[in-house]
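Below is one structure; the comments refer to it alone.
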Amino acid sequence: MLVKIQDLETELYPEVIEEITRASEQEKITQIQAAEDFAKGFLFKYDLTALFGTKTTDATHVDESLKKCVKIIAAYFLVRKANPNVQMSIFKDDYMMMIGTKEEPGWLYEVRNGAINPAWPYKQDDPETPEDESQQNNDFYWTSDIKRTNRF
C-alpha cells in the first residue's frame, strides 16, 4: 500500500481516526485501500504497481502529490463514515481539489486527461495481449473499433 495508517495523521488527528474506526485496524486499512482503488481508476495508463505497490511490496516510485491525494480521499471516506466534530466543508473542498467533477476537474481528472503530466512510470507492454499498451502512453488516449468489410 502507498499510504500507511500512520500517514493519515497528517489529515486527521489520531484520536479522531480512532473514534471513527472504533480502534479497528482493519477498518483503517479498508478505507485506505478503498481510496487507493478509487485513485487507480483514474490512472489506467500508468504503472500502478510502481505507483502503489502490492499487498506484499512497497511502491517503487513514490510521488508525494499522489500520496497526498490518496490520504485526502481516505480521510474523506473516514469523515463521511462518522462525523465527530469535524467540519465536513473543509474535507469536501480538499476532495474537490483532488478529484473534482467532469465540469470542474480536480487534480486526478487533470492527470487522467493529460493536462497534468507527472513524471510517473507508464504501464509496460504485456506481450500476452494483442495491442501494445506501451504505445498508449501518450498524453491522451483514444480507441476505435476495427474497420469492418460489408459484403452484399
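Each chain of the C-alpha cells is named A, B, ... in the order shown, its residues numbered from 1; ligands are numbered from 1 in display order.
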Among segment 37-147 of chain A, which ones does DSSP assign to strand (DSSP E or B) (computed from the backbone)? Answer as a ChimeraX atom specification. /A:46,100,105,122
Selection to disk with N, CA, C and O atoms, as a PDB file, in the first residue's frame:
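Here's the written file again.pdb:
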ATOM      1  N   TYR A  46      -0.772   4.425 -16.267  1.00  0.00           N
ATOM      2  CA  TYR A  46       0.474   4.394 -15.505  1.00  0.00           C
ATOM      3  C   TYR A  46       0.721   3.011 -14.914  1.00  0.00           C
ATOM      4  O   TYR A  46      -0.187   2.189 -14.779  1.00  0.00           O
ATOM      5  N   GLY A 100     -12.625  16.372  -7.992  1.00  0.00           N
ATOM      6  CA  GLY A 100     -13.451  17.266  -8.780  1.00  0.00           C
ATOM      7  C   GLY A 100     -14.559  16.527  -9.509  1.00  0.00           C
ATOM      8  O   GLY A 100     -14.940  15.413  -9.153  1.00  0.00           O
ATOM      9  N   PRO A 105     -12.877  19.838 -13.156  1.00  0.00           N
ATOM     10  CA  PRO A 105     -11.938  18.745 -12.856  1.00  0.00           C
ATOM     11  C   PRO A 105     -10.924  19.103 -11.781  1.00  0.00           C
ATOM     12  O   PRO A 105     -10.437  20.227 -11.717  1.00  0.00           O
ATOM     13  N   TYR A 122       5.101   4.718 -16.979  1.00  0.00           N
ATOM     14  CA  TYR A 122       3.941   4.237 -17.715  1.00  0.00           C
ATOM     15  C   TYR A 122       3.848   2.723 -17.621  1.00  0.00           C
ATOM     16  O   TYR A 122       4.821   2.033 -17.317  1.00  0.00           O
TER      17      TYR A 122
END
List every residue of segment 12-143 of chain A that DSSP, applied to the backbone of this structure, assigns to helix (DSSP H, G or I), and report them as a VMD selection string. chain A and resid 14 to 21 25 to 40 48 to 52 64 to 81 88 to 98 107 to 113 133 to 136
State, in Å with one decimal place, the distance from atom CA of Thr21 of chain A to atom CA of Arg80 of chain A. 11.5 Å
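Every protein or nucleic acid residue with an atom no more than 8 Å from Glu11 of chain A, counting only C-alpha atoms and leaving out same-chain residues fewer than 4 positions away, appears here: A:Lys71, A:Ile72, A:Ala75.
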Selection above as a file: C-alpha atoms, as a JSON list (two decimals), in the first residue's frame:
[["chain", "number", "residue", "atom", "x", "y", "z"],
["A", 71, "LYS", "CA", -4.65, 10.48, 2.04],
["A", 72, "ILE", "CA", -7.27, 13.15, 1.34],
["A", 75, "ALA", "CA", -9.73, 10.97, 5.16]]
Write out as a PDB file with C-alpha atoms, in the first residue's frame the residues lying within 7 Å of segment 108-112 of chain A, counting only C-alpha atoms and excluding same-chain residues fewer than 3 positions away.
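Contents of around_24.pdb, as written:
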ATOM      1  CA  PHE A  42      -8.168   7.423 -12.912  1.00  0.00           C
ATOM      2  CA  LEU A  43      -4.603   6.317 -13.622  1.00  0.00           C
ATOM      3  CA  MET A  98      -8.045  16.366  -5.656  1.00  0.00           C
ATOM      4  CA  ILE A  99     -10.890  14.727  -7.606  1.00  0.00           C
ATOM      5  CA  PRO A 105     -11.938  18.745 -12.856  1.00  0.00           C
ATOM      6  CA  ALA A 115      -3.493  18.345 -18.630  1.00  0.00           C
ATOM      7  CA  ILE A 116      -1.046  17.485 -15.836  1.00  0.00           C
ATOM      8  CA  ASN A 117       1.674  15.018 -16.732  1.00  0.00           C
TER       9      ASN A 117
END
Find the residues near Ala50 of chain A: any atom within 9 Å, counting only C-alpha atoms, skip ones fewer than 2 places away on the same chain, and give them as a PyMOL selection string. chain A and resi 46-48+52-54+58-62+120-121
